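Raw contents of query-v6.pdb, PDB, C-alpha atoms, pLDDT in the B column:
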```pdb
ATOM      1  CA  MET A   1       7.527 305.314  43.450  1.00 55.00           C
ATOM      2  CA  ALA A   2       3.978 304.080  42.869  1.00 63.00           C
ATOM      3  CA  LEU A   3       4.921 300.637  44.142  1.00 71.00           C
ATOM      4  CA  GLU A   4       6.238 301.804  47.501  1.00 73.00           C
ATOM      5  CA  THR A   5       4.269 300.742  50.519  1.00 70.00           C
ATOM      6  CA  PRO A   6       3.087 303.582  52.706  1.00 65.00           C
ATOM      7  CA  LYS A   7       4.933 304.148  55.925  1.00 67.00           C
ATOM      8  CA  VAL A   8       2.765 303.009  58.808  1.00 63.00           C
ATOM      9  CA  SER A   9       3.064 304.725  62.133  1.00 63.00           C
ATOM     10  CA  SER A  10       4.394 302.380  64.791  1.00 61.00           C
ATOM     11  CA  LYS A  11       2.430 304.246  67.437  1.00 71.00           C
ATOM     12  CA  ARG A  12      -0.905 302.614  68.192  1.00 72.00           C
ATOM     13  CA  ARG A  13      -3.903 304.926  67.902  1.00 71.00           C
ATOM     14  CA  ALA A  14      -6.410 305.377  70.684  1.00 72.00           C
ATOM     15  CA  PHE A  15      -9.676 303.517  70.268  1.00 78.00           C
ATOM     16  CA  VAL A  16     -11.548 306.056  72.407  1.00 80.00           C
ATOM     17  CA  ASP A  17     -10.702 309.707  72.977  1.00 78.00           C
ATOM     18  CA  ARG A  18     -11.728 310.413  76.555  1.00 82.00           C
ATOM     19  CA  SER A  19     -11.216 314.151  76.130  1.00 83.00           C
ATOM     20  CA  VAL A  20     -14.531 314.420  74.251  1.00 85.00           C
ATOM     21  CA  THR A  21     -16.383 314.417  77.572  1.00 88.00           C
ATOM     22  CA  HIS A  22     -15.042 317.950  78.116  1.00 90.00           C
ATOM     23  CA  ASP A  23     -15.346 319.126  74.501  1.00 90.00           C
ATOM     24  CA  MET A  24     -18.766 320.808  74.524  1.00 95.00           C
ATOM     25  CA  PRO A  25     -18.840 321.969  70.865  1.00 94.00           C
ATOM     26  CA  TYR A  26     -18.096 318.416  69.701  1.00 93.00           C
ATOM     27  CA  LEU A  27     -20.715 316.908  72.033  1.00 94.00           C
ATOM     28  CA  ALA A  28     -23.330 319.507  71.095  1.00 95.00           C
ATOM     29  CA  PHE A  29     -22.834 318.832  67.396  1.00 96.00           C
ATOM     30  CA  LEU A  30     -22.919 315.080  68.007  1.00 95.00           C
ATOM     31  CA  VAL A  31     -26.199 315.306  69.944  1.00 96.00           C
ATOM     32  CA  ALA A  32     -27.684 317.555  67.259  1.00 96.00           C
ATOM     33  CA  CYS A  33     -26.669 315.051  64.574  1.00 96.00           C
ATOM     34  CA  VAL A  34     -28.258 312.209  66.537  1.00 96.00           C
ATOM     35  CA  PHE A  35     -31.583 314.058  66.669  1.00 96.00           C
ATOM     36  CA  VAL A  36     -31.431 314.938  62.973  1.00 96.00           C
ATOM     37  CA  LEU A  37     -30.519 311.375  62.018  1.00 95.00           C
ATOM     38  CA  LEU A  38     -33.414 309.922  64.014  1.00 94.00           C
ATOM     39  CA  GLY A  39     -35.759 311.274  61.373  1.00 92.00           C
ATOM     40  CA  ILE A  40     -33.636 311.831  58.285  1.00 94.00           C
ATOM     41  CA  TYR A  41     -34.240 308.416  56.681  1.00 92.00           C
ATOM     42  CA  THR A  42     -37.974 308.295  57.388  1.00 93.00           C
ATOM     43  CA  PRO A  43     -38.911 309.880  54.035  1.00 93.00           C
ATOM     44  CA  PHE A  44     -36.513 307.526  52.261  1.00 93.00           C
ATOM     45  CA  VAL A  45     -38.258 304.526  53.804  1.00 92.00           C
ATOM     46  CA  TYR A  46     -41.874 305.693  53.599  1.00 91.00           C
ATOM     47  CA  ILE A  47     -42.132 308.059  50.619  1.00 93.00           C
ATOM     48  CA  GLN A  48     -43.441 305.395  48.251  1.00 93.00           C
ATOM     49  CA  SER A  49     -46.058 304.033  50.626  1.00 91.00           C
ATOM     50  CA  PHE A  50     -47.048 307.596  51.569  1.00 91.00           C
ATOM     51  CA  ALA A  51     -47.559 308.477  47.915  1.00 93.00           C
ATOM     52  CA  LEU A  52     -49.571 305.336  47.187  1.00 93.00           C
ATOM     53  CA  ASP A  53     -51.651 305.364  50.387  1.00 90.00           C
ATOM     54  CA  ASN A  54     -52.730 308.959  49.751  1.00 90.00           C
ATOM     55  CA  ASP A  55     -53.330 308.387  46.009  1.00 91.00           C
ATOM     56  CA  ILE A  56     -50.847 311.088  45.079  1.00 93.00           C
ATOM     57  CA  VAL A  57     -49.097 309.106  42.345  1.00 92.00           C
ATOM     58  CA  SER A  58     -49.635 305.972  40.321  1.00 91.00           C
ATOM     59  CA  THR A  59     -47.797 302.750  41.046  1.00 90.00           C
ATOM     60  CA  GLY A  60     -45.498 303.352  38.077  1.00 90.00           C
ATOM     61  CA  LEU A  61     -44.374 306.771  39.290  1.00 93.00           C
ATOM     62  CA  ALA A  62     -44.090 305.640  42.909  1.00 91.00           C
ATOM     63  CA  THR A  63     -41.209 303.371  41.971  1.00 90.00           C
ATOM     64  CA  TYR A  64     -39.231 306.379  40.714  1.00 95.00           C
ATOM     65  CA  ILE A  65     -39.819 308.793  43.583  1.00 95.00           C
ATOM     66  CA  LEU A  66     -37.107 307.267  45.746  1.00 94.00           C
ATOM     67  CA  ALA A  67     -34.670 307.392  42.821  1.00 95.00           C
ATOM     68  CA  ILE A  68     -35.529 311.068  42.287  1.00 96.00           C
ATOM     69  CA  LEU A  69     -34.921 311.786  45.966  1.00 95.00           C
ATOM     70  CA  ASN A  70     -31.562 310.003  45.878  1.00 95.00           C
ATOM     71  CA  ALA A  71     -30.497 311.642  42.604  1.00 97.00           C
ATOM     72  CA  SER A  72     -31.121 315.117  43.998  1.00 96.00           C
ATOM     73  CA  SER A  73     -28.925 314.154  46.944  1.00 95.00           C
ATOM     74  CA  ILE A  74     -25.970 313.967  44.556  1.00 96.00           C
ATOM     75  CA  PHE A  75     -26.276 317.661  43.729  1.00 95.00           C
ATOM     76  CA  GLY A  76     -26.737 318.483  47.410  1.00 94.00           C
ATOM     77  CA  ARG A  77     -23.421 316.831  48.190  1.00 94.00           C
ATOM     78  CA  ILE A  78     -21.546 318.884  45.590  1.00 94.00           C
ATOM     79  CA  VAL A  79     -23.058 322.340  45.044  1.00 93.00           C
ATOM     80  CA  PRO A  80     -23.324 323.700  48.628  1.00 91.00           C
ATOM     81  CA  ASN A  81     -19.715 322.798  49.383  1.00 88.00           C
ATOM     82  CA  PHE A  82     -18.610 325.637  47.126  1.00 90.00           C
ATOM     83  CA  PHE A  83     -20.534 328.077  49.313  1.00 91.00           C
ATOM     84  CA  ALA A  84     -19.476 326.450  52.585  1.00 90.00           C
ATOM     85  CA  ALA A  85     -15.951 327.786  52.103  1.00 88.00           C
ATOM     86  CA  GLN A  86     -17.272 331.366  52.270  1.00 93.00           C
ATOM     87  CA  VAL A  87     -20.226 330.946  54.639  1.00 94.00           C
ATOM     88  CA  GLY A  88     -18.699 328.305  56.898  1.00 93.00           C
ATOM     89  CA  ALA A  89     -19.485 324.618  57.093  1.00 93.00           C
ATOM     90  CA  MET A  90     -21.392 324.926  60.365  1.00 94.00           C
ATOM     91  CA  ASN A  91     -23.515 327.818  59.089  1.00 95.00           C
ATOM     92  CA  MET A  92     -24.272 325.932  55.882  1.00 95.00           C
ATOM     93  CA  SER A  93     -25.171 322.849  57.910  1.00 94.00           C
ATOM     94  CA  VAL A  94     -27.550 324.869  60.091  1.00 95.00           C
ATOM     95  CA  MET A  95     -29.256 326.260  56.983  1.00 95.00           C
ATOM     96  CA  ALA A  96     -29.488 322.775  55.490  1.00 95.00           C
ATOM     97  CA  THR A  97     -30.935 321.354  58.702  1.00 95.00           C
ATOM     98  CA  ALA A  98     -33.542 324.117  58.922  1.00 96.00           C
ATOM     99  CA  THR A  99     -34.510 323.504  55.297  1.00 96.00           C
ATOM    100  CA  LEU A 100     -34.562 319.781  56.022  1.00 95.00           C
ATOM    101  CA  CYS A 101     -37.050 320.282  58.851  1.00 94.00           C
ATOM    102  CA  LEU A 102     -39.272 322.541  56.780  1.00 96.00           C
ATOM    103  CA  SER A 103     -39.235 320.281  53.741  1.00 95.00           C
ATOM    104  CA  SER A 104     -40.065 317.213  55.823  1.00 93.00           C
ATOM    105  CA  PHE A 105     -43.260 318.949  56.947  1.00 93.00           C
ATOM    106  CA  CYS A 106     -43.989 319.890  53.332  1.00 94.00           C
ATOM    107  CA  PHE A 107     -44.472 316.213  52.460  1.00 92.00           C
ATOM    108  CA  MET A 108     -47.842 316.395  54.218  1.00 90.00           C
ATOM    109  CA  ALA A 109     -48.889 319.321  52.029  1.00 93.00           C
ATOM    110  CA  ALA A 110     -48.144 317.522  48.750  1.00 92.00           C
ATOM    111  CA  GLN A 111     -51.466 316.875  47.013  1.00 91.00           C
ATOM    112  CA  ASN A 112     -50.295 315.838  43.550  1.00 94.00           C
ATOM    113  CA  ALA A 113     -47.344 314.197  41.826  1.00 95.00           C
ATOM    114  CA  ALA A 114     -45.639 317.483  40.927  1.00 95.00           C
ATOM    115  CA  GLY A 115     -45.781 318.715  44.509  1.00 95.00           C
ATOM    116  CA  LEU A 116     -44.456 315.448  45.902  1.00 95.00           C
ATOM    117  CA  ILE A 117     -41.604 315.349  43.399  1.00 96.00           C
ATOM    118  CA  ALA A 118     -40.702 318.979  44.158  1.00 96.00           C
ATOM    119  CA  VAL A 119     -40.592 318.279  47.886  1.00 96.00           C
ATOM    120  CA  ALA A 120     -38.587 315.082  47.283  1.00 96.00           C
ATOM    121  CA  VAL A 121     -36.024 316.997  45.206  1.00 97.00           C
ATOM    122  CA  ILE A 122     -35.617 319.696  47.855  1.00 97.00           C
ATOM    123  CA  TYR A 123     -35.444 317.131  50.655  1.00 97.00           C
ATOM    124  CA  GLY A 124     -32.883 315.020  48.808  1.00 97.00           C
ATOM    125  CA  PHE A 125     -30.771 318.085  48.058  1.00 97.00           C
ATOM    126  CA  VAL A 126     -30.574 319.200  51.691  1.00 96.00           C
ATOM    127  CA  VAL A 127     -29.992 315.636  52.931  1.00 97.00           C
ATOM    128  CA  GLY A 128     -26.991 315.482  50.621  1.00 96.00           C
ATOM    129  CA  THR A 129     -25.787 318.809  51.983  1.00 96.00           C
ATOM    130  CA  PHE A 130     -26.117 317.617  55.572  1.00 95.00           C
ATOM    131  CA  PHE A 131     -24.209 314.394  54.921  1.00 95.00           C
ATOM    132  CA  ALA A 132     -21.472 316.135  52.915  1.00 95.00           C
ATOM    133  CA  LEU A 133     -20.761 318.754  55.569  1.00 95.00           C
ATOM    134  CA  GLN A 134     -20.769 316.468  58.610  1.00 94.00           C
ATOM    135  CA  PRO A 135     -17.177 315.195  58.250  1.00 93.00           C
ATOM    136  CA  THR A 136     -15.855 318.702  57.634  1.00 93.00           C
ATOM    137  CA  ILE A 137     -17.429 319.952  60.836  1.00 95.00           C
ATOM    138  CA  PHE A 138     -16.115 317.027  62.865  1.00 93.00           C
ATOM    139  CA  VAL A 139     -12.611 317.736  61.539  1.00 93.00           C
ATOM    140  CA  ARG A 140     -12.865 321.394  62.557  1.00 93.00           C
ATOM    141  CA  LEU A 141     -14.126 320.415  66.004  1.00 93.00           C
ATOM    142  CA  THR A 142     -11.128 318.142  66.606  1.00 91.00           C
ATOM    143  CA  PRO A 143      -8.229 320.124  68.095  1.00 90.00           C
ATOM    144  CA  ASP A 144      -5.586 317.396  67.671  1.00 88.00           C
ATOM    145  CA  PRO A 145      -5.306 316.074  64.083  1.00 88.00           C
ATOM    146  CA  THR A 146      -4.049 312.699  65.316  1.00 86.00           C
ATOM    147  CA  TYR A 147      -7.482 312.073  66.862  1.00 88.00           C
ATOM    148  CA  ILE A 148      -9.573 312.823  63.764  1.00 89.00           C
ATOM    149  CA  GLY A 149     -10.048 309.152  62.908  1.00 89.00           C
ATOM    150  CA  THR A 150     -10.806 308.230  66.501  1.00 90.00           C
ATOM    151  CA  ARG A 151     -13.387 310.975  66.854  1.00 91.00           C
ATOM    152  CA  PHE A 152     -14.941 310.085  63.496  1.00 91.00           C
ATOM    153  CA  GLY A 153     -15.301 306.502  64.626  1.00 91.00           C
ATOM    154  CA  MET A 154     -16.791 307.504  67.951  1.00 92.00           C
ATOM    155  CA  ALA A 155     -19.245 309.957  66.393  1.00 94.00           C
ATOM    156  CA  PHE A 156     -20.400 307.686  63.607  1.00 95.00           C
ATOM    157  CA  THR A 157     -20.816 304.791  66.038  1.00 94.00           C
ATOM    158  CA  VAL A 158     -23.147 306.870  68.198  1.00 94.00           C
ATOM    159  CA  MET A 159     -24.988 308.290  65.181  1.00 95.00           C
ATOM    160  CA  SER A 160     -25.481 304.846  63.650  1.00 95.00           C
ATOM    161  CA  PHE A 161     -27.898 303.948  66.430  1.00 94.00           C
ATOM    162  CA  ALA A 162     -30.072 306.934  65.535  1.00 93.00           C
ATOM    163  CA  LEU A 163     -30.119 305.800  61.904  1.00 92.00           C
ATOM    164  CA  LEU A 164     -30.911 302.272  63.008  1.00 94.00           C
ATOM    165  CA  PHE A 165     -33.805 303.166  65.308  1.00 94.00           C
ATOM    166  CA  GLY A 166     -35.341 306.152  63.493  1.00 92.00           C
ATOM    167  CA  PRO A 167     -37.341 304.467  60.699  1.00 91.00           C
ATOM    168  CA  PRO A 168     -38.745 301.633  62.875  1.00 93.00           C
ATOM    169  CA  ILE A 169     -39.913 304.185  65.439  1.00 93.00           C
ATOM    170  CA  ALA A 170     -41.530 306.183  62.633  1.00 91.00           C
ATOM    171  CA  GLY A 171     -43.174 302.986  61.366  1.00 91.00           C
ATOM    172  CA  ALA A 172     -44.571 302.211  64.807  1.00 93.00           C
ATOM    173  CA  LEU A 173     -45.933 305.754  65.079  1.00 91.00           C
ATOM    174  CA  ARG A 174     -47.439 305.496  61.601  1.00 87.00           C
ATOM    175  CA  ARG A 175     -49.070 302.172  62.423  1.00 89.00           C
ATOM    176  CA  GLU A 176     -50.463 303.495  65.715  1.00 89.00           C
ATOM    177  CA  PHE A 177     -51.630 306.940  64.608  1.00 86.00           C
ATOM    178  CA  GLY A 178     -52.027 306.572  60.847  1.00 71.00           C
TER     179      GLY A 178
END
```

This entry written out as structure tokens:
Amino acid sequence: MALETPKVSSKRRAFVDRSVTHDMPYLAFLVACVFVLLGIYTPFVYIQSFALDNDIVSTGLATYILAILNASSIFGRIVPNFFAAQVGAMNMSVMATATLCLSSFCFMAAQNAAGLIAVAVIYGFVVGTFFALQPTIFVRLTPDPTYIGTRFGMAFTVMSFALLFGPPIAGALRREFG
């Protein structure tokens, strides 16, 4: 039984689902994700240089801040999913995105190592929550289960450009305005 090959559907799947142009909830969530993803990786890219340029931490601690941020993301991917079943994945994602926005502004208020680490932990946690809930929401916004993979591919293709362009735009703004 374990050695059986899975049965592959002989029907070819659609590469593009043209019905998304009329699916406003899907498009609204996709556009919202693009805007969130334009800035979501900026702290990941610039947290160490921010900490060193503002003399918040020593060089030794600066090397660990990114690891701390990423480690807290692990808990953000697991813990909130237990509550998402009761609250709803979209509601949990909205709360995570609001916390994400607030915590990204809190980086500017960090004046010492403890403050920066606290903000990094909170930011990493809510980033993990956002990334963990995205696929669930896209599944719920897809009316036909046979198009889940197609819509995933379409959404993540569009969102990848936001992830690609976000940090360089932030770097150009940082270079221009300090």

Pick out the residues sitting within 7 Å of A:Ile56, and hand them over as a VMD selection string; count only C-alpha atoms, and ignore anything fewer than 6 positions along from it in its own chain.
chain A and resid 111 to 113

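Minimum distance to A:Ile40 across A:Ala162, A:Ala67, A:Ala172, A:Met24 (counting all atoms listed in the file) occurs at A:Ala162.
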
For A:Ala28, the nearest of the candidates A:Ile137, A:Phe82, A:Ile47, A:Thr146, counting only C-alpha atoms
A:Ile137

Point out the residue among A:Ala84, A:Gly76, A:Phe131, A:Arg151 with the least atom-to-atom distance to A:Thr21, counting only C-alpha atoms.
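Under the stated criterion, the closest residue is A:Arg151.
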
Would you kindly return, as number ranges by chain, each protein, DNA or RNA residue with an atom no farther than 7 Å from any atom of A:Ser73, considering only C-alpha atoms and excluding same-chain residues fewer than 2 positions away?
A: 69-71, 75-77, 124-125, 127-128

Any idea what the distance is between atom CA of A:Thr97 and atom CA of A:Pro80?
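The value is 12.8 Å.
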
Report, in Å to a single decimal, how far apart atom CA of A:Tyr147 and atom CA of A:Asp23 are.
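Taking atom CA of A:Asp23 and atom CA of A:Tyr147, their separation equals 13.0 Å.
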
Two-atom distance - atom CA of A:Leu102, atom CA of A:Ala114 (Å)
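Computed distance, atom CA of A:Leu102 to atom CA of A:Ala114, equals 17.8 Å.
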
Out of A:Ala96, A:Cys101, A:Val139, A:Ala51, which residue has the shortest atom-to-atom distance to A:Ala155 when counting only C-alpha atoms?
A:Val139

I'd like the neighbourhood of stretch 30-39 of chain A as a list in words, where a residue qualifies if any of its atoms comes within 10 Å (using all atoms listed in the file), though same-chain residues fewer than 4 positions away should be ignored.
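Selected residues are Met24, Pro25, Tyr26, Pro43, Phe44, Thr97, Leu100, Cys101, Ser104, Phe130, Phe131, Gln134, Phe138, Met154, Ala155, Phe156, Val158, Met159, Ser160, Phe161, Ala162, Leu163, Leu164, Phe165, Gly166, Pro167, Pro168, Ile169 and Ala170 of chain A.
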
A:Phe29, A:Thr42, A:Thr5, A:Asn54 ranked by distance to A:Ala110, top pick (using only C-alpha atoms)
A:Asn54

So, counting only C-alpha atoms, which residue among A:Tyr123, A:Tyr41, A:Phe15, A:Phe50 is closest to A:Gly178?
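Ranked by minimum distance to A:Gly178, first place goes to A:Phe50.
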
First collect every listed atom of stretch 8-24 of chain A; then fit an axis-aligned box around them, widen it by 4 Å on each side, and give centre and edge lengths in Å to one decimal, as AutoDock Vina command-line options.
```
--center_x -7.2 --center_y 311.6 --center_z 68.5 --size_x 31.2 --size_y 26.4 --size_z 27.3
```

Please supply stretch 150-161 of chain A, rebuilt with N, CA and C atoms, as a PDB file, in the frame of the given file.
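File result30.pdb, as written:
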```
ATOM      1  N   THR A 150     -10.184 308.736  65.278  1.00 90.00           N
ATOM      2  CA  THR A 150     -10.806 308.230  66.501  1.00 90.00           C
ATOM      3  C   THR A 150     -12.135 308.919  66.751  1.00 90.00           C
ATOM      4  N   ARG A 151     -12.145 310.237  66.616  1.00 91.00           N
ATOM      5  CA  ARG A 151     -13.387 310.975  66.854  1.00 91.00           C
ATOM      6  C   ARG A 151     -14.430 310.695  65.776  1.00 91.00           C
ATOM      7  N   PHE A 152     -14.001 310.507  64.543  1.00 91.00           N
ATOM      8  CA  PHE A 152     -14.941 310.085  63.496  1.00 91.00           C
ATOM      9  C   PHE A 152     -15.599 308.772  63.884  1.00 91.00           C
ATOM     10  N   GLY A 153     -14.772 307.812  64.257  1.00 91.00           N
ATOM     11  CA  GLY A 153     -15.301 306.502  64.626  1.00 91.00           C
ATOM     12  C   GLY A 153     -16.259 306.573  65.792  1.00 91.00           C
ATOM     13  N   MET A 154     -15.915 307.357  66.793  1.00 92.00           N
ATOM     14  CA  MET A 154     -16.791 307.504  67.951  1.00 92.00           C
ATOM     15  C   MET A 154     -18.110 308.163  67.562  1.00 92.00           C
ATOM     16  N   ALA A 155     -18.032 309.236  66.780  1.00 94.00           N
ATOM     17  CA  ALA A 155     -19.245 309.957  66.393  1.00 94.00           C
ATOM     18  C   ALA A 155     -20.149 309.103  65.516  1.00 94.00           C
ATOM     19  N   PHE A 156     -19.574 308.466  64.520  1.00 95.00           N
ATOM     20  CA  PHE A 156     -20.400 307.686  63.607  1.00 95.00           C
ATOM     21  C   PHE A 156     -20.941 306.421  64.264  1.00 95.00           C
ATOM     22  N   THR A 157     -20.266 305.915  65.281  1.00 94.00           N
ATOM     23  CA  THR A 157     -20.816 304.791  66.038  1.00 94.00           C
ATOM     24  C   THR A 157     -22.061 305.227  66.794  1.00 94.00           C
ATOM     25  N   VAL A 158     -21.990 306.360  67.461  1.00 94.00           N
ATOM     26  CA  VAL A 158     -23.147 306.870  68.198  1.00 94.00           C
ATOM     27  C   VAL A 158     -24.284 307.211  67.236  1.00 94.00           C
ATOM     28  N   MET A 159     -23.950 307.878  66.130  1.00 95.00           N
ATOM     29  CA  MET A 159     -24.988 308.290  65.181  1.00 95.00           C
ATOM     30  C   MET A 159     -25.625 307.108  64.469  1.00 95.00           C
ATOM     31  N   SER A 160     -24.914 306.006  64.347  1.00 95.00           N
ATOM     32  CA  SER A 160     -25.481 304.846  63.650  1.00 95.00           C
ATOM     33  C   SER A 160     -26.699 304.300  64.373  1.00 95.00           C
ATOM     34  N   PHE A 161     -26.735 304.433  65.694  1.00 94.00           N
ATOM     35  CA  PHE A 161     -27.898 303.948  66.430  1.00 94.00           C
ATOM     36  C   PHE A 161     -29.130 304.791  66.122  1.00 94.00           C
TER      37      PHE A 161
END
```
